[in-house]
Every structure is written in C-alpha cells, then in structure tokens.
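Below is target_0.cif, holding mmCIF, C-alpha atoms and all ligand atoms.
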```
data_input
loop_
_atom_site.label_atom_id
_atom_site.label_comp_id
_atom_site.auth_asym_id
_atom_site.auth_seq_id
_atom_site.Cartn_x
_atom_site.Cartn_y
_atom_site.Cartn_z
CA MET A 278 54.31 130.00 140.04
CA GLN A 279 57.60 130.31 138.15
CA LEU A 280 59.69 127.12 138.15
CA THR A 281 62.78 128.53 136.44
CA ASN A 282 63.99 132.00 135.64
CA ARG A 283 64.37 131.10 131.95
CA ALA A 284 60.79 131.97 131.05
CA LYS A 285 60.49 133.83 127.77
CA PRO A 286 57.49 136.09 127.24
CA VAL A 287 55.56 135.18 124.06
CA ASP A 288 55.50 137.90 121.44
CA ARG A 289 51.85 138.45 120.66
CA GLN A 290 52.26 141.39 118.28
CA PRO A 291 49.52 141.41 115.61
CA MET A 292 50.74 140.19 112.19
CA THR A 293 51.49 142.66 109.44
CA PHE A 294 49.63 142.34 106.12
CA LEU A 295 52.61 140.58 104.49
CA GLU A 296 52.96 138.15 107.38
CA SER A 297 49.25 137.32 107.24
CA LEU A 298 49.70 136.13 103.60
CA TYR A 299 52.18 133.43 104.83
CA LEU A 300 53.99 133.69 101.49
CA TRP A 301 57.46 133.86 102.97
CA ASN A 302 56.76 130.93 105.31
CA ILE A 303 55.35 128.81 102.46
CA LEU A 304 58.41 129.65 100.35
CA LYS A 305 60.74 128.77 103.22
CA GLY A 306 58.98 125.40 103.66
CA MET A 307 59.20 124.65 99.93
CA LEU A 308 62.89 125.54 99.87
CA ILE A 309 63.53 123.06 102.67
CA THR A 310 61.57 120.36 100.77
CA PHE A 311 63.42 121.17 97.54
CA SER A 312 66.83 121.05 99.22
CA HIS A 313 66.09 117.45 100.33
CA LEU A 314 65.79 116.34 96.68
CA PHE A 315 69.56 116.57 96.38
CA LYS A 316 70.46 115.02 99.70
CA ARG A 317 71.20 111.34 100.34
CA LYS A 318 67.95 109.59 101.29
CA ALA A 319 67.71 108.38 104.88
CA THR A 320 65.01 105.86 103.98
CA ILE A 321 65.08 102.75 101.80
CA LYS A 322 62.37 100.95 99.80
CA TYR A 323 61.87 98.05 102.20
CA PRO A 324 61.21 95.14 101.58
CA GLU A 325 62.57 95.38 98.02
CA GLN A 326 65.74 96.93 99.43
CA LYS A 327 67.30 95.72 102.64
CA ARG A 328 69.97 97.26 104.81
CA SER A 329 73.17 95.35 105.30
CA PHE A 330 73.81 94.60 108.93
CA SER A 331 77.05 94.80 110.83
CA LYS A 332 79.10 91.58 110.91
CA VAL A 333 78.35 91.27 114.62
CA PHE A 334 74.57 91.71 114.19
CA ARG A 335 72.64 89.13 116.20
CA GLY A 336 69.20 88.31 114.84
CA LEU A 337 66.75 85.45 114.86
CA HIS A 338 67.93 82.15 116.33
CA VAL A 339 68.52 79.07 114.22
CA LEU A 340 68.68 75.51 115.52
CA ASN A 341 71.48 73.81 113.68
CA ARG A 342 71.83 70.39 112.04
CA ASP A 343 75.02 68.51 111.20
CA ALA A 344 76.18 67.79 107.64
CA GLU A 345 73.92 64.71 107.46
CA GLY A 346 70.87 66.71 108.54
CA ARG A 347 70.64 65.40 112.10
CA GLU A 348 69.59 67.82 114.82
CA ASN A 349 72.58 68.95 116.89
CA CYS A 350 70.65 69.90 120.02
CA THR A 351 70.86 67.42 122.87
CA ALA A 352 68.44 69.28 125.15
CA CYS A 353 71.08 69.81 127.82
CA GLY A 354 69.41 73.06 128.88
CA LEU A 355 72.63 75.09 129.10
CA CYS A 356 71.25 77.75 126.75
CA ALA A 357 68.14 78.14 128.92
CA VAL A 358 70.28 78.44 132.06
CA ALA A 359 72.56 81.02 130.40
CA CYS A 360 69.66 83.09 129.10
CA PRO A 361 69.30 86.23 131.25
CA ALA A 362 65.78 86.85 129.93
CA GLU A 363 64.49 83.32 130.60
CA ALA A 364 63.28 83.23 127.04
CA ILE A 365 64.07 79.59 126.24
CA THR A 366 61.99 76.57 127.22
CA MET A 367 62.44 72.99 126.12
CA GLU A 368 61.43 69.42 126.74
CA ALA A 369 63.89 66.56 126.37
CA ALA A 370 63.24 63.08 125.00
CA GLU A 371 65.31 59.91 124.53
CA ARG A 372 66.28 58.98 120.99
CA LEU A 373 64.69 55.68 119.99
CA PRO A 374 66.39 52.94 117.97
CA GLY A 375 66.02 53.82 114.29
CA GLU A 376 66.06 57.57 114.94
CA GLU A 377 69.84 57.92 114.62
CA HIS A 378 69.40 59.64 111.24
CA LEU A 379 67.22 62.34 112.91
CA TYR A 380 69.10 63.21 116.09
CA ARG A 381 72.86 63.28 116.54
CA GLU A 382 72.86 62.66 120.29
CA GLU A 383 71.02 60.10 122.44
CA LYS A 384 68.83 62.86 123.86
CA TYR A 385 67.09 65.54 121.83
CA ALA A 386 64.68 68.44 122.28
CA VAL A 387 61.17 67.25 121.49
CA LYS A 388 59.98 70.80 122.20
CA TYR A 389 62.11 73.94 121.94
CA GLU A 390 60.67 77.44 122.17
CA ILE A 391 62.11 80.94 122.28
CA ASN A 392 59.99 83.90 123.30
CA MET A 393 61.26 86.71 121.09
CA LEU A 394 59.42 89.31 123.17
CA ARG A 395 61.68 88.43 126.09
CA CYS A 396 64.87 87.88 124.11
CA ILE A 397 67.43 90.68 124.19
CA PHE A 398 69.58 89.10 121.47
CA CYS A 399 72.62 88.98 123.72
CA GLY A 400 73.94 85.77 122.16
CA LEU A 401 74.66 84.05 125.50
CA CYS A 402 72.66 80.98 124.43
CA GLU A 403 74.95 80.58 121.41
CA GLU A 404 78.04 80.91 123.59
CA ALA A 405 76.76 78.45 126.19
CA CYS A 406 75.87 75.70 123.70
CA PRO A 407 78.44 72.86 123.70
CA LYS A 408 76.98 71.26 120.55
CA ASP A 409 77.01 74.16 118.07
CA ALA A 410 73.26 73.66 118.04
CA ILE A 411 72.05 77.26 118.21
CA TYR A 412 73.24 80.47 116.63
CA LEU A 413 71.85 83.92 116.03
CA SER A 414 71.42 84.59 112.33
CA GLN A 415 71.49 87.77 110.25
CA THR A 416 67.70 87.97 109.94
CA PHE A 417 65.30 89.53 112.41
CA ALA A 418 61.91 88.55 113.75
CA PRO A 419 59.21 90.04 111.48
CA ALA A 420 56.45 92.18 112.96
CA ASN A 421 53.36 90.42 114.21
CA TYR A 422 49.91 91.44 115.47
CA GLY A 423 49.71 88.87 118.28
CA ARG A 424 52.03 88.04 121.17
CA LYS A 425 51.81 84.33 120.34
CA GLY A 426 53.40 85.00 116.96
CA PHE A 427 56.62 85.92 118.75
CA ILE A 428 56.95 82.57 120.48
CA TYR A 429 59.03 80.60 118.01
CA SER A 430 58.64 76.84 118.09
CA LYS A 431 61.25 74.26 117.18
CA ASP A 432 59.79 73.88 113.67
CA GLU A 433 60.28 77.59 113.02
CA LEU A 434 63.78 77.65 114.48
CA LEU A 435 65.18 74.50 112.90
CA ILE A 436 67.46 75.12 109.92
CA PRO A 437 66.34 73.47 106.63
CA HIS A 438 67.80 70.06 105.85
CA PRO A 439 71.30 70.43 104.31
CA VAL A 440 70.86 67.44 101.98
CA ASN A 441 67.15 67.54 101.09
CA ASP A 442 66.91 71.35 100.84
CA LYS A 443 70.40 72.58 100.03
CA GLU A 444 69.42 76.04 98.76
CA ALA A 445 67.28 76.95 101.77
CA TYR A 446 70.00 75.57 104.07
CA GLN A 447 72.69 77.78 102.54
CA LYS A 448 70.37 80.78 102.70
CA ALA A 449 69.65 80.14 106.37
CA LEU A 450 73.35 79.84 107.11
CA GLY A 451 73.82 83.37 105.73
CA GLU A 452 76.84 85.14 107.20
CA LYS A 453 77.73 82.06 109.22
CA ALA A 454 78.41 80.19 105.98
CA SER A 455 80.91 82.78 104.76
CA SER A 456 82.67 82.99 108.12
CA ASN A 457 83.22 79.18 108.29
S1 LIG B 1 69.97 85.78 122.74
FE1 LIG B 1 70.18 86.11 124.97
S2 LIG B 1 68.13 86.68 125.63
FE2 LIG B 1 67.88 85.78 123.60
S3 LIG B 1 67.41 83.63 123.96
FE3 LIG B 1 69.65 83.79 123.72
S4 LIG B 1 70.47 84.05 125.80
FE4 LIG B 1 68.25 84.48 125.88
S1 LIG B 2 70.76 74.46 122.00
FE1 LIG B 2 72.74 73.74 122.80
S2 LIG B 2 72.79 74.46 124.93
FE2 LIG B 2 70.64 74.57 124.25
S3 LIG B 2 69.76 72.63 124.89
FE3 LIG B 2 70.45 72.37 122.77
S4 LIG B 2 72.52 71.52 122.96
FE4 LIG B 2 72.01 72.38 124.96
#
```
Translate the structure described by the file into structure tokens.
Amino acid sequence: MQLTNRAKPVDRQPMTFLESLYLWNILKGMLITFSHLFKRKATIKYPEQKRSFSKVFRGLHVLNRDAEGRENCTACGLCAVACPAEAITMEAAERLPGEEHLYREEKYAVKYEINMLRCIFCGLCEEACPKDAIYLSQTFAPANYGRKGFIYSKDELLIPHPVNDKEAYQKALGEKASSN
C-alpha cells in the first residue's frame, strides 16, 4: 500500500568497476574530515575547559547564610508552595537558646531537600523566598548513576561558612557575588 505519492524508486543498477573500488567515496570522506581541521571546534575539553553560561543561567540551588554565617532559611515553606514541580521538601524546627549564632530566625529548616530530577530550574523558589535564603547558582548538578544522588540534602545545598571558609564561600557565590 502506498501512503504518499512521493515514493522514489531505488536505483539498483550494478556498480561499475571504478565505483566498486570506493576510491572516490573514500576520498570524499577524507576531504570532509580534512576540511574540519580548519573549522572552529564545536566541542571543548571538559572538565579542563568549561563553557561560560549566560548571565541568566539558573543552575544548582544554594541555601544562603548571612554575613555572620547564620542560616537565612526560616522554613516558611513558601518556596515549596511556589515550586511547580513539587521538588522541595522540608521540616521546620524551633531555634533553641544558644543557637542564635547558627540560625538567623526563630524557626529554621532542620531538613531541606530538593529533588533535582523533578526540578525544572524555573527559579520560582528564589523569587518566592522572603529571606534571600535560596538562589540558583551558576553550577549544574553533576551526572549520577543513581536516582538518590539527585536528591540534594540541606548539607549539600548550604553555602560554605563566610567567616570560617571565606574562599569556598566566595566561589559558591559565583556570579551572584559580582552582581551584588
Ligand atoms: S527552580 Fe523551580 S522547579 Fe526547581 S525547586 Fe525551584 S521552584 Fe521548584
Ligand atoms: S528557602 Fe526561603 S521560602 Fe524556602 S522555606 Fe526557607 S525562607 Fe522560606
């Protein structure tokens, strides 16, 4: 049965002697390969070389601290509510006396998880946050063999301490640091 009238009969003429040597086809292939030596390479030597992302690139999430190193997040849940992919889960806890140097607000997230397999990197969690506690950085989630490896816990998301680990903190700030 013919589905369209664009069918093209296949030419099944026997090859000539010259064609059966494939010399011209090999030469044509080598010319194409050779021509690529002088063209701009489409690939890079990752991970030694890395591509620069657009200024509006939204990558892996970072949970922010204030200048004294206290966690900004107050576990209000607004980011989880705003998330269209339902990728964020958290558990809240009350700050105890003597923990003021750890948590900025009276309530904090004792557990905070983002499922990167669900996340669509829309940035709505960052926009919804009233405490400047979460932002999407310029890095991306590395590949992983297991699904569990894509569920990022609070320890993985929390930015390094700005006083105790200045260098790592500045590195984690990345583009955000230069835009402030
Ligand atoms: S970037 Fe979007 S999808 Fe990902 S956790 Fe935030 S709100 Fe959810
Ligand atoms: S990250 Fe922001 S919006 Fe989400 S729970 Fe913490 S304070 Fe609330």
Exercise. Give the residues close to ligand LIG 2 (chain B), within 8 Å, counting only C-alpha atoms and all ligand atoms; write them as number ranges by chain.
Key: A: 340, 349-357, 367, 385-386, 402-403, 405-411
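Residues of protein, DNA or RNA lying at most 8 Å from ligand LIG 1 (chain B), when all atoms listed in the file are considered, are A:Arg335, A:His338, A:Cys356, A:Ala357, A:Ala359, A:Cys360, A:Pro361, A:Ala362, A:Glu363, A:Ala364, A:Ile365, A:Ile391, A:Asn392, A:Met393, A:Arg395, A:Cys396, A:Ile397, A:Phe398, A:Cys399, A:Gly400, A:Leu401, A:Cys402, A:Glu403, A:Leu413.
Coordinates place atom CA of A:Ser331 at a distance of 19.8 Å from atom CA of A:Lys318.
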Practice problem: Between atom CA of A:Glu390 and atom CA of A:Tyr429, measure the distance and give it in Å to one decimal. | Solution: 5.5 Å
Self-check item: Counting all atoms listed in the file, the option among A:Ser430, A:Leu337, A:Glu382, A:Arg424 closest to A:Leu450
Solution: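 The answer is A:Leu337, which sits nearest to A:Leu450.
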Quiz item: Suppose you want the space between atom CA of A:His438 and atom CA of A:Gly346; what is it in Å?
Solution: 5.3 Å
